[in-house]
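S.K.: Enclosed is the structure file target-v5.cif (mmCIF, C-alpha atoms and all ligand atoms).
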```
data_model
loop_
_atom_site.label_atom_id
_atom_site.label_comp_id
_atom_site.auth_asym_id
_atom_site.auth_seq_id
_atom_site.Cartn_x
_atom_site.Cartn_y
_atom_site.Cartn_z
CA MET A 1 26.35 -8.92 15.44
CA ALA A 2 24.43 -7.59 12.44
CA ASN A 3 25.03 -3.96 11.55
CA LYS A 4 21.61 -2.40 11.98
CA SER A 5 22.46 0.79 10.12
CA ALA A 6 23.28 -1.34 7.11
CA GLU A 7 19.88 -3.06 7.40
CA ILE A 8 17.93 0.19 7.64
CA PRO A 9 19.61 2.85 5.52
CA GLY A 10 18.63 6.41 6.36
CA LEU A 11 17.14 8.91 4.04
CA ALA A 12 18.87 11.88 2.40
CA ILE A 13 16.88 15.12 2.52
CA HIS A 14 17.83 18.01 0.25
CA ILE A 15 16.08 21.35 0.57
CA THR A 16 16.87 23.88 -2.14
CA SER A 17 15.93 27.60 -2.18
CA LEU A 18 12.72 26.85 -0.31
CA LYS A 19 10.35 29.80 0.00
CA LYS A 20 6.93 29.76 1.59
CA ARG A 21 4.46 32.62 1.99
CA HIS A 22 1.29 32.96 3.98
CA GLY A 23 -0.54 35.86 2.35
CA ASP A 24 1.89 38.78 2.12
CA ARG A 25 4.31 37.35 4.65
CA GLU A 26 7.31 35.37 3.54
CA ILE A 27 7.69 32.68 6.20
CA LEU A 28 10.59 30.74 4.66
CA ARG A 29 12.96 32.97 2.70
CA GLY A 30 15.10 30.64 0.62
CA VAL A 31 16.16 27.77 2.85
CA ASP A 32 18.98 25.50 1.64
CA LEU A 33 19.81 22.43 3.66
CA ARG A 34 21.33 19.02 2.89
CA ILE A 35 20.81 16.32 5.45
CA HIS A 36 22.74 13.10 5.05
CA PRO A 37 21.24 9.64 5.58
CA GLY A 38 21.26 8.69 9.24
CA GLN A 39 21.90 12.19 10.56
CA THR A 40 20.10 13.53 13.60
CA VAL A 41 19.46 17.23 13.12
CA ALA A 42 18.28 19.49 15.92
CA LEU A 43 16.25 22.35 14.43
CA ILE A 44 16.23 25.22 16.88
CA GLY A 45 15.20 28.86 16.73
CA PRO A 46 12.81 31.51 18.00
CA SER A 47 9.04 31.12 18.01
CA GLY A 48 7.56 32.02 14.63
CA GLY A 49 10.88 31.47 12.85
CA GLY A 50 9.41 28.85 10.51
CA LYS A 51 10.47 25.52 12.04
CA THR A 52 7.05 23.84 11.90
CA THR A 53 6.41 25.29 8.45
CA LEU A 54 9.68 23.78 7.22
CA LEU A 55 8.78 20.31 8.54
CA ARG A 56 5.32 20.60 7.00
CA CYS A 57 6.83 21.45 3.60
CA LEU A 58 9.01 18.33 3.80
CA ASN A 59 6.13 15.90 3.98
CA GLY A 60 3.69 17.72 1.76
CA LEU A 61 1.45 19.21 4.45
CA GLU A 62 2.24 22.65 2.97
CA VAL A 63 2.52 23.61 -0.68
CA PHE A 64 5.50 25.96 -1.04
CA ASP A 65 6.11 28.86 -3.43
CA HIS A 66 9.64 28.41 -4.67
CA GLY A 67 12.43 25.85 -4.66
CA SER A 68 12.33 22.11 -4.19
CA VAL A 69 12.48 19.37 -1.59
CA ARG A 70 14.01 15.97 -2.21
CA VAL A 71 13.37 13.16 0.26
CA GLY A 72 15.15 9.97 -0.78
CA ASP A 73 14.26 9.56 -4.44
CA CYS A 74 11.06 11.67 -4.26
CA THR A 75 11.09 15.31 -5.31
CA LEU A 76 8.49 17.95 -4.49
CA ASN A 77 8.44 21.12 -6.54
CA ALA A 78 6.96 24.53 -5.82
CA LEU A 79 3.23 25.17 -6.25
CA SER A 80 2.25 21.62 -7.02
CA GLY A 81 0.06 19.04 -5.30
CA GLN A 82 2.01 15.92 -6.45
CA SER A 83 -0.11 13.50 -4.45
CA ILE A 84 1.76 10.35 -5.52
CA GLU A 85 5.14 11.74 -4.48
CA ILE A 86 3.66 13.05 -1.22
CA ALA A 87 2.20 9.62 -0.42
CA ARG A 88 5.62 8.03 -1.07
CA ILE A 89 7.36 10.58 1.15
CA ARG A 90 4.91 9.99 3.99
CA ARG A 91 5.58 6.27 3.79
CA SER A 92 9.29 6.81 4.38
CA LEU A 93 9.21 9.86 6.65
CA GLY A 94 7.12 9.60 9.81
CA MET A 95 5.97 12.68 11.69
CA ILE A 96 5.41 12.96 15.45
CA PHE A 97 3.66 15.93 17.03
CA GLN A 98 3.63 17.58 20.43
CA ASP A 99 0.06 16.45 21.17
CA PHE A 100 0.58 12.70 20.44
CA GLN A 101 -2.56 12.26 18.28
CA LEU A 102 -3.28 8.73 19.53
CA PHE A 103 -6.63 7.04 18.96
CA PRO A 104 -8.37 7.37 22.37
CA HIS A 105 -10.68 4.38 21.94
CA LEU A 106 -7.89 1.91 21.03
CA THR A 107 -5.46 0.24 23.43
CA VAL A 108 -1.76 1.05 23.28
CA LEU A 109 -1.09 -2.14 21.33
CA GLU A 110 -3.95 -1.44 18.91
CA ASN A 111 -2.71 2.12 18.39
CA VAL A 112 0.65 0.79 17.25
CA ALA A 113 -0.67 -2.18 15.25
CA ALA A 114 -3.40 -0.26 13.40
CA ALA A 115 -1.14 1.58 10.96
CA PRO A 116 0.76 -1.45 9.62
CA ILE A 117 -2.57 -3.22 9.03
CA TRP A 118 -4.25 -0.24 7.36
CA VAL A 119 -1.27 1.27 5.55
CA LEU A 120 1.15 -1.59 4.91
CA GLY A 121 -1.51 -4.28 4.56
CA GLU A 122 0.18 -6.51 7.14
CA ASN A 123 -1.86 -9.33 8.59
CA ALA A 124 -3.08 -8.88 12.17
CA LYS A 125 -0.70 -11.44 13.68
CA GLU A 126 2.39 -9.96 12.00
CA ALA A 127 1.39 -6.39 12.95
CA ARG A 128 0.71 -7.45 16.54
CA ASP A 129 4.04 -9.27 16.91
CA ARG A 130 6.01 -6.33 15.55
CA SER A 131 4.04 -3.92 17.74
CA ILE A 132 4.82 -5.96 20.85
CA HIS A 133 8.50 -5.77 19.92
CA LEU A 134 8.29 -1.99 19.34
CA LEU A 135 6.50 -1.41 22.65
CA ASP A 136 9.27 -3.35 24.33
CA ARG A 137 11.78 -1.10 22.61
CA VAL A 138 10.13 2.07 23.98
CA LYS A 139 9.86 0.33 27.38
CA LEU A 140 6.08 0.12 27.46
CA SER A 141 5.46 -3.63 27.29
CA GLU A 142 3.44 -3.71 30.48
CA PHE A 143 1.13 -0.93 29.26
CA SER A 144 0.03 -2.56 26.02
CA ASN A 145 -3.58 -3.14 27.14
CA ARG A 146 -4.13 0.34 28.55
CA LYS A 147 -5.98 3.13 26.79
CA PRO A 148 -4.13 6.41 26.11
CA MET A 149 -6.03 8.26 28.85
CA GLN A 150 -4.49 5.88 31.40
CA LEU A 151 -0.94 6.92 30.45
CA SER A 152 1.34 9.81 31.40
CA GLY A 153 2.36 12.33 28.73
CA GLY A 154 5.78 10.75 28.35
CA GLN A 155 4.24 7.29 27.96
CA LYS A 156 1.80 8.60 25.34
CA GLN A 157 4.64 10.18 23.42
CA ARG A 158 6.55 6.88 23.47
CA VAL A 159 3.45 5.13 22.07
CA ALA A 160 3.41 7.77 19.32
CA ILE A 161 7.06 7.00 18.55
CA ALA A 162 6.37 3.24 18.46
CA ARG A 163 3.41 3.90 16.16
CA ALA A 164 5.55 5.96 13.79
CA LEU A 165 8.21 3.21 13.79
CA ALA A 166 5.58 0.57 13.02
CA LEU A 167 5.41 1.95 9.48
CA LYS A 168 9.11 1.14 9.04
CA PRO A 169 10.14 4.71 8.20
CA LEU A 170 13.61 5.69 7.04
CA GLY A 171 13.31 9.07 8.70
CA LEU A 172 11.33 10.91 11.37
CA LEU A 173 10.20 14.50 11.70
CA CYS A 174 9.59 15.44 15.33
CA ASP A 175 7.96 18.76 16.17
CA GLU A 176 8.61 19.76 19.77
CA ILE A 177 7.60 16.33 20.97
CA THR A 178 8.79 16.91 24.52
CA SER A 179 7.51 20.47 25.02
CA ALA A 180 4.41 19.43 26.93
CA LEU A 181 6.26 17.03 29.25
CA ASP A 182 7.81 17.45 32.67
CA PRO A 183 11.61 17.09 32.95
CA GLU A 184 11.61 13.45 34.00
CA THR A 185 9.23 12.19 31.29
CA LYS A 186 11.05 14.36 28.76
CA HIS A 187 14.16 12.40 29.57
CA GLU A 188 12.40 9.06 28.87
CA VAL A 189 11.31 10.26 25.42
CA LEU A 190 14.70 11.75 24.56
CA ALA A 191 16.40 8.50 25.59
CA VAL A 192 14.22 6.61 23.09
CA LEU A 193 15.16 9.06 20.33
CA GLU A 194 18.85 8.77 21.12
CA ASP A 195 18.48 5.01 20.89
CA LEU A 196 17.02 5.35 17.38
CA LYS A 197 20.31 6.75 16.12
CA ARG A 198 21.74 3.24 16.02
CA ASP A 199 19.05 2.23 13.49
CA GLY A 200 20.39 4.77 11.04
CA LEU A 201 17.13 6.73 10.83
CA THR A 202 17.39 10.30 9.60
CA VAL A 203 15.81 12.46 12.28
CA ILE A 204 14.89 16.14 12.18
CA MET A 205 13.89 17.23 15.61
CA VAL A 206 12.48 20.66 16.35
CA THR A 207 13.48 21.13 19.96
CA HIS A 208 14.24 23.57 22.70
CA GLU A 209 16.24 20.90 24.50
CA ILE A 210 19.74 22.26 24.10
CA GLY A 211 21.11 19.37 26.21
CA PHE A 212 19.61 16.84 23.79
CA ALA A 213 20.96 18.79 20.83
CA LYS A 214 24.44 18.66 22.34
CA ARG A 215 24.27 14.96 23.21
CA ALA A 216 22.50 13.47 20.25
CA ALA A 217 22.46 15.82 17.26
CA ASP A 218 25.03 15.41 14.53
CA ARG A 219 24.06 18.87 13.37
CA VAL A 220 22.30 21.85 14.81
CA VAL A 221 20.41 24.19 12.50
CA LEU A 222 19.18 27.53 13.77
CA LEU A 223 16.23 28.89 11.80
CA ALA A 224 15.23 32.48 12.53
CA GLU A 225 12.84 34.74 10.61
CA GLY A 226 12.68 32.22 7.76
CA ASN A 227 16.44 31.97 7.22
CA ILE A 228 19.08 29.57 8.44
CA ALA A 229 21.02 31.87 10.72
CA GLU A 230 23.66 29.31 11.53
CA GLU A 231 24.35 25.59 11.18
CA GLY A 232 27.08 23.18 12.19
CA THR A 233 27.93 20.78 14.97
CA ALA A 234 26.51 21.43 18.42
CA ALA A 235 29.98 22.51 19.52
CA GLU A 236 30.08 25.08 16.73
CA VAL A 237 26.53 26.44 16.89
CA ILE A 238 25.77 26.20 20.60
CA ASP A 239 29.17 26.59 22.22
CA SER A 240 30.68 29.15 19.88
CA PRO A 241 28.03 30.78 17.69
CA LYS A 242 29.40 33.14 15.08
CA THR A 243 26.38 35.21 14.08
CA GLU A 244 24.75 37.90 16.14
CA ARG A 245 21.35 36.25 15.60
CA ALA A 246 22.53 32.93 17.03
CA CYS A 247 24.23 34.64 20.01
CA LYS A 248 21.02 36.54 20.79
CA PHE A 249 18.81 33.43 20.57
CA LEU A 250 21.15 31.23 22.60
CA ALA A 251 21.63 33.88 25.27
CA ARG A 252 17.87 33.87 25.76
CA VAL A 253 17.46 30.07 25.71
CA LEU A 254 20.42 29.33 27.93
CA GLY A 255 19.42 32.11 30.30
N1 LIG B 1 -1.63 28.75 8.16
C1 LIG B 1 -1.00 29.89 8.43
N2 LIG B 1 -1.51 31.08 8.01
C2 LIG B 1 -0.85 32.24 8.23
N3 LIG B 1 0.32 32.33 8.89
C3 LIG B 1 0.86 31.19 9.33
C4 LIG B 1 0.24 29.92 9.14
N4 LIG B 1 1.02 28.96 9.69
C5 LIG B 1 2.09 29.61 10.22
N5 LIG B 1 1.99 30.93 10.01
C6 LIG B 1 2.96 31.95 10.43
O1 LIG B 1 4.23 31.54 9.98
C7 LIG B 1 5.24 31.89 10.90
C8 LIG B 1 6.08 30.67 11.20
O2 LIG B 1 5.28 29.74 11.91
P1 LIG B 1 5.85 28.35 12.41
O3 LIG B 1 4.72 27.66 13.09
O4 LIG B 1 6.50 27.66 11.27
O5 LIG B 1 6.96 28.82 13.45
P2 LIG B 1 7.78 27.95 14.49
O6 LIG B 1 9.22 28.28 14.27
O7 LIG B 1 7.39 26.53 14.41
O8 LIG B 1 7.32 28.60 15.88
P3 LIG B 1 7.11 27.89 17.33
O9 LIG B 1 8.50 27.73 17.91
O10 LIG B 1 6.30 28.89 18.09
O11 LIG B 1 6.40 26.60 17.11
C9 LIG B 1 4.52 32.47 12.11
O12 LIG B 1 4.61 33.87 12.07
C10 LIG B 1 3.10 32.02 11.94
O13 LIG B 1 2.21 32.95 12.49
MG MG B 2 6.45 25.22 15.70
#
```
Do you think you could lay out the structure here as structure tokens?
Ligand SMILES: Nc1ncnc2c1ncn2[C@@H]1O[C@H](COP(=O)(O)OP(=O)(O)OP(=O)(O)O)[C@@H](O)[C@H]1O
Ligand SMILES: [Mg+2]

M.R.:
Amino acid sequence: MANKSAEIPGLAIHITSLKKRHGDREILRGVDLRIHPGQTVALIGPSGGGKTTLLRCLNGLEVFDHGSVRVGDCTLNALSGQSIEIARIRRSLGMIFQDFQLFPHLTVLENVAAAPIWVLGENAKEARDRSIHLLDRVKLSEFSNRKPMQLSGGQKQRVAIARALALKPLGLLCDEITSALDPETKHEVLAVLEDLKRDGLTVIMVTHEIGFAKRAADRVVLLAEGNIAEEGTAAEVIDSPKTERACKFLARVLG
């Protein structure tokens, strides 16, 4: 059988001395992080700690004040707009949000097929065939003619994942994509993400799902007050945290 990770190599992401301010407040205070191709990273930490801001800096949604970000062979530097590099990064690094952001007037199949037609210039037949395959992969084949409002939250989120995959990304940024879902539908979405590991995609997942982090993350990074308080394997960070900050956060999350 073909080795899928060899077919779809993941993306290396290097974050160096990243600082980001909003007004007088320093939100990210010099973040350094190297993520290897194909790694799944669970980004955890308290509310307001800077997790969303960090993801937004990675794909050019935020201009940052200091440091650099390298995604594959694209580099973003501080205080610059770099629209060509940002466009290249967004082609290789998909982003999925908590609130799905599907097109309400399009069917499920059209939602997935639209991006490859508009962005990759694929012809309609090719985009449709690939989209059918992707919907099968997220176990939504029988829903392809429905509109988003006829789906559950977990089904909508799986459409959003299929839509992100339709652009053939090498990596995915996921920002609390299961937070709005009930436990059972959460599980469906997390199962799809775990399945993506075999494709070799690099995934950074902001999550409060400690169970998912333990099962699926190669690394767990705890970001608090704009600093990486602790990082390592799930066994290291979650089961035996070393810093006081990590102990305090985990005690709260794990109850
Ligand atoms: N556009 C903005 N203007 C001013 N402050 C902002 C802006 N965006 C974020 N912040 C502030 O930056 C800090 C970090 O926000 P961020 O959304 O990155 O945190 P988070 O770790 O994702 O939190 P949560 O877990 O609640 O989603 C917060 O204090 C927030 O109020
Ligand atoms: Mg956030």

S.K.: For CA of Leu55 in chain A and CA of His187 in chain A, determine how far apart the two atoms are, in Å to one decimal place.

M.R.: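 CA of His187 in chain A lies 23.1 Å from CA of Leu55 in chain A.
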
S.K.: Pick from A:Ala42, A:Leu134, A:Asp65, A:Asp129: nearest to Ile238 in chain A, with all atoms listed in the file counted?

M.R.: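 Answer, going by the shortest atom-to-atom distance: A:Ala42.
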
S.K.: Quick one: residues within 8 Å of His14 in chain A, only C-alpha atoms counted, chain neighbours fewer than 2 positions away excluded, as a list in words?

M.R.: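 That gives Ala12, Thr16, Asp32, Leu33, Arg34, Ile35, Val69, Arg70 and Val71 of chain A.
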
S.K.: Considering only C-alpha atoms, can you say which of A:Ser80, A:Thr202, A:Thr185, A:Asn111 comes closest to Ala127 in chain A?

M.R.: A:Asn111

S.K.: Using 12 Å as the limit and counting only C-alpha atoms and all ligand atoms, can you tabulate each residue of chain A that touches ligand MG 2 (chain B), with its shortest atom-to-atom distance in Å and the two atoms involved, as JSON lines?

M.R.:
```
{"residue": "A:Leu43", "atom": "CA", "partner": "B:MG2", "partner_atom": "MG", "distance": 10.3}
{"residue": "A:Ile44", "atom": "CA", "partner": "B:MG2", "partner_atom": "MG", "distance": 9.9}
{"residue": "A:Gly45", "atom": "CA", "partner": "B:MG2", "partner_atom": "MG", "distance": 9.5}
{"residue": "A:Pro46", "atom": "CA", "partner": "B:MG2", "partner_atom": "MG", "distance": 9.2}
{"residue": "A:Ser47", "atom": "CA", "partner": "B:MG2", "partner_atom": "MG", "distance": 6.8}
{"residue": "A:Gly48", "atom": "CA", "partner": "B:MG2", "partner_atom": "MG", "distance": 7.0}
{"residue": "A:Gly49", "atom": "CA", "partner": "B:MG2", "partner_atom": "MG", "distance": 8.2}
{"residue": "A:Gly50", "atom": "CA", "partner": "B:MG2", "partner_atom": "MG", "distance": 7.0}
{"residue": "A:Lys51", "atom": "CA", "partner": "B:MG2", "partner_atom": "MG", "distance": 5.4}
{"residue": "A:Thr52", "atom": "CA", "partner": "B:MG2", "partner_atom": "MG", "distance": 4.1}
{"residue": "A:Thr53", "atom": "CA", "partner": "B:MG2", "partner_atom": "MG", "distance": 7.3}
{"residue": "A:Leu54", "atom": "CA", "partner": "B:MG2", "partner_atom": "MG", "distance": 9.2}
{"residue": "A:Leu55", "atom": "CA", "partner": "B:MG2", "partner_atom": "MG", "distance": 9.0}
{"residue": "A:Arg56", "atom": "CA", "partner": "B:MG2", "partner_atom": "MG", "distance": 9.9}
{"residue": "A:Phe97", "atom": "CA", "partner": "B:MG2", "partner_atom": "MG", "distance": 9.8}
{"residue": "A:Gln98", "atom": "CA", "partner": "B:MG2", "partner_atom": "MG", "distance": 9.4}
{"residue": "A:Cys174", "atom": "CA", "partner": "B:MG2", "partner_atom": "MG", "distance": 10.3}
{"residue": "A:Asp175", "atom": "CA", "partner": "B:MG2", "partner_atom": "MG", "distance": 6.7}
{"residue": "A:Glu176", "atom": "CA", "partner": "B:MG2", "partner_atom": "MG", "distance": 7.1}
{"residue": "A:Ile177", "atom": "CA", "partner": "B:MG2", "partner_atom": "MG", "distance": 10.4}
{"residue": "A:Ser179", "atom": "CA", "partner": "B:MG2", "partner_atom": "MG", "distance": 10.5}
{"residue": "A:Met205", "atom": "CA", "partner": "B:MG2", "partner_atom": "MG", "distance": 10.9}
{"residue": "A:Val206", "atom": "CA", "partner": "B:MG2", "partner_atom": "MG", "distance": 7.6}
{"residue": "A:Thr207", "atom": "CA", "partner": "B:MG2", "partner_atom": "MG", "distance": 9.2}
{"residue": "A:His208", "atom": "CA", "partner": "B:MG2", "partner_atom": "MG", "distance": 10.6}
{"residue": "A:Leu223", "atom": "CA", "partner": "B:MG2", "partner_atom": "MG", "distance": 11.2}
{"residue": "A:Ala224", "atom": "CA", "partner": "B:MG2", "partner_atom": "MG", "distance": 11.8}
```

S.K.: Just give me the gap between atom O2 of ligand LIG 1 (chain B) and CA of Thr40 in chain A in Å, one decimal is fine.

M.R.: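 That distance, rounded to one decimal, is 22.0 Å.
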
S.K.: What would the list of residues within 12 Å of (15.5, 34.6, 3.6) (file frame) look like as a short mmCIF file (atom, residue, chain, number, x, y, z; two decimals) with C-alpha atoms, keeping the file's coordinate frame, if only C-alpha atoms are what count?

M.R.:
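The file below, out_28.cif, is the result:
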```
data_model
loop_
_atom_site.label_atom_id
_atom_site.label_comp_id
_atom_site.auth_asym_id
_atom_site.auth_seq_id
_atom_site.Cartn_x
_atom_site.Cartn_y
_atom_site.Cartn_z
CA SER A 17 15.93 27.60 -2.18
CA LEU A 18 12.72 26.85 -0.31
CA LYS A 19 10.35 29.80 0.00
CA LYS A 20 6.93 29.76 1.59
CA ARG A 21 4.46 32.62 1.99
CA ARG A 25 4.31 37.35 4.65
CA GLU A 26 7.31 35.37 3.54
CA ILE A 27 7.69 32.68 6.20
CA LEU A 28 10.59 30.74 4.66
CA ARG A 29 12.96 32.97 2.70
CA GLY A 30 15.10 30.64 0.62
CA VAL A 31 16.16 27.77 2.85
CA ASP A 32 18.98 25.50 1.64
CA GLY A 49 10.88 31.47 12.85
CA GLY A 50 9.41 28.85 10.51
CA HIS A 66 9.64 28.41 -4.67
CA LEU A 223 16.23 28.89 11.80
CA ALA A 224 15.23 32.48 12.53
CA GLU A 225 12.84 34.74 10.61
CA GLY A 226 12.68 32.22 7.76
CA ASN A 227 16.44 31.97 7.22
CA ILE A 228 19.08 29.57 8.44
CA ALA A 229 21.02 31.87 10.72
#
```

S.K.: In Å to one decimal, how far is CA of Ala180 in chain A from CA of Val138 in chain A?

M.R.: 18.5 Å

S.K.: Counting all atoms listed in the file, which of A:Leu106, A:Val112, A:Ile15, A:Val221 gets nearest to Ser68 in chain A?

M.R.: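 The answer is A:Ile15, which sits nearest to Ser68 in chain A.
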
S.K.: So which residues touch Glu85 in chain A within 9 Å, counting all atoms listed in the file, skipping near sequence neighbours fewer than 5 positions away, as a list in words?

M.R.: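 Listing them by chain and then by number gives Gly60, Cys74, Thr75, Leu76 and Arg90 of chain A.
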
S.K.: Neighbours of range 145-155 of chain A within 12 Å (only C-alpha atoms; same-chain residues fewer than 4 positions away dropped), as a PyMOL selection string?

M.R.: chain A and resi 98-112+132+135+138-141+159-162+177-192

S.K.: Considering only C-alpha atoms, state which residue in the set A:Gly255, A:Val220, A:Leu58, A:Ser92 is at the smallest distance from Pro241 in chain A.

M.R.: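 Checking each of A:Gly255, A:Val220, A:Leu58, A:Ser92 against Pro241 in chain A, counting only C-alpha atoms, the winner is A:Val220.
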
S.K.: Return as JSON the box centre and box size in Å, one decimal, for an axis-aligned box around all listed atoms of range 122-135 of chain A padded by 6 Å per side.

M.R.:
```
{"center_x": 2.7, "center_y": -6.4, "center_z": 14.9, "size_x": 23.6, "size_y": 22.0, "size_z": 27.5}
```

S.K.: A:Ala113, A:Leu170, A:Ala124, A:Leu222: which is nearest ligand LIG 1 (chain B), counting all atoms listed in the file?

M.R.: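 Nearest to ligand LIG 1 (chain B): A:Leu222.
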
S.K.: For ligand LIG 1 (chain B), which residue among A:Gly23, A:Gly67, A:Gly81, A:Pro37 is the nearest when counting all atoms listed in the file?

M.R.: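 Looking at the shortest contact to ligand LIG 1 (chain B), the residue is A:Gly23.
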
S.K.: Is there a way to complete range 169-186 of chain A with N, CA and C atoms and then write that out as a PDB file, keeping the file's coordinate frame?

M.R.:
```
ATOM      1  N   PRO A 169       9.647   3.527   8.912  1.00  0.00           N
ATOM      2  CA  PRO A 169      10.140   4.710   8.200  1.00  0.00           C
ATOM      3  C   PRO A 169      11.657   4.694   8.082  1.00  0.00           C
ATOM      4  N   LEU A 170      12.159   5.487   7.154  1.00  0.00           N
ATOM      5  CA  LEU A 170      13.610   5.690   7.040  1.00  0.00           C
ATOM      6  C   LEU A 170      14.021   6.975   7.735  1.00  0.00           C
ATOM      7  N   GLY A 171      13.019   7.813   8.027  1.00  0.00           N
ATOM      8  CA  GLY A 171      13.310   9.070   8.700  1.00  0.00           C
ATOM      9  C   GLY A 171      12.123   9.493   9.553  1.00  0.00           C
ATOM     10  N   LEU A 172      12.397  10.395  10.503  1.00  0.00           N
ATOM     11  CA  LEU A 172      11.330  10.910  11.370  1.00  0.00           C
ATOM     12  C   LEU A 172      11.433  12.412  11.476  1.00  0.00           C
ATOM     13  N   LEU A 173      10.276  13.064  11.414  1.00  0.00           N
ATOM     14  CA  LEU A 173      10.200  14.500  11.700  1.00  0.00           C
ATOM     15  C   LEU A 173       9.520  14.636  13.051  1.00  0.00           C
ATOM     16  N   CYS A 174      10.150  15.304  13.978  1.00  0.00           N
ATOM     17  CA  CYS A 174       9.590  15.440  15.330  1.00  0.00           C
ATOM     18  C   CYS A 174       9.433  16.918  15.638  1.00  0.00           C
ATOM     19  N   ASP A 175       8.209  17.334  15.916  1.00  0.00           N
ATOM     20  CA  ASP A 175       7.960  18.760  16.170  1.00  0.00           C
ATOM     21  C   ASP A 175       7.695  19.007  17.649  1.00  0.00           C
ATOM     22  N   GLU A 176       8.714  19.425  18.338  1.00  0.00           N
ATOM     23  CA  GLU A 176       8.610  19.760  19.770  1.00  0.00           C
ATOM     24  C   GLU A 176       7.912  18.669  20.564  1.00  0.00           C
ATOM     25  N   ILE A 177       8.359  17.451  20.392  1.00  0.00           N
ATOM     26  CA  ILE A 177       7.600  16.330  20.970  1.00  0.00           C
ATOM     27  C   ILE A 177       7.754  16.219  22.475  1.00  0.00           C
ATOM     28  N   THR A 178       8.670  16.985  23.063  1.00  0.00           N
ATOM     29  CA  THR A 178       8.790  16.910  24.520  1.00  0.00           C
ATOM     30  C   THR A 178       8.342  18.202  25.210  1.00  0.00           C
ATOM     31  N   SER A 179       7.826  19.154  24.426  1.00  0.00           N
ATOM     32  CA  SER A 179       7.510  20.470  25.020  1.00  0.00           C
ATOM     33  C   SER A 179       6.449  20.412  26.108  1.00  0.00           C
ATOM     34  N   ALA A 180       5.512  19.465  25.966  1.00  0.00           N
ATOM     35  CA  ALA A 180       4.410  19.430  26.930  1.00  0.00           C
ATOM     36  C   ALA A 180       4.730  18.548  28.135  1.00  0.00           C
ATOM     37  N   LEU A 181       5.955  18.033  28.212  1.00  0.00           N
ATOM     38  CA  LEU A 181       6.260  17.030  29.250  1.00  0.00           C
ATOM     39  C   LEU A 181       7.101  17.617  30.381  1.00  0.00           C
ATOM     40  N   ASP A 182       6.966  16.996  31.559  1.00  0.00           N
ATOM     41  CA  ASP A 182       7.810  17.450  32.670  1.00  0.00           C
ATOM     42  C   ASP A 182       9.223  16.885  32.479  1.00  0.00           C
ATOM     43  N   PRO A 183      10.204  17.441  33.217  1.00  0.00           N
ATOM     44  CA  PRO A 183      11.610  17.090  32.950  1.00  0.00           C
ATOM     45  C   PRO A 183      11.902  15.593  32.969  1.00  0.00           C
ATOM     46  N   GLU A 184      11.281  14.865  33.906  1.00  0.00           N
ATOM     47  CA  GLU A 184      11.610  13.450  34.000  1.00  0.00           C
ATOM     48  C   GLU A 184      11.062  12.660  32.810  1.00  0.00           C
ATOM     49  N   THR A 185       9.806  12.926  32.429  1.00  0.00           N
ATOM     50  CA  THR A 185       9.230  12.190  31.290  1.00  0.00           C
ATOM     51  C   THR A 185       9.872  12.629  29.982  1.00  0.00           C
ATOM     52  N   LYS A 186      10.294  13.896  29.922  1.00  0.00           N
ATOM     53  CA  LYS A 186      11.050  14.360  28.760  1.00  0.00           C
ATOM     54  C   LYS A 186      12.256  13.462  28.539  1.00  0.00           C
TER      55      LYS A 186
END
```
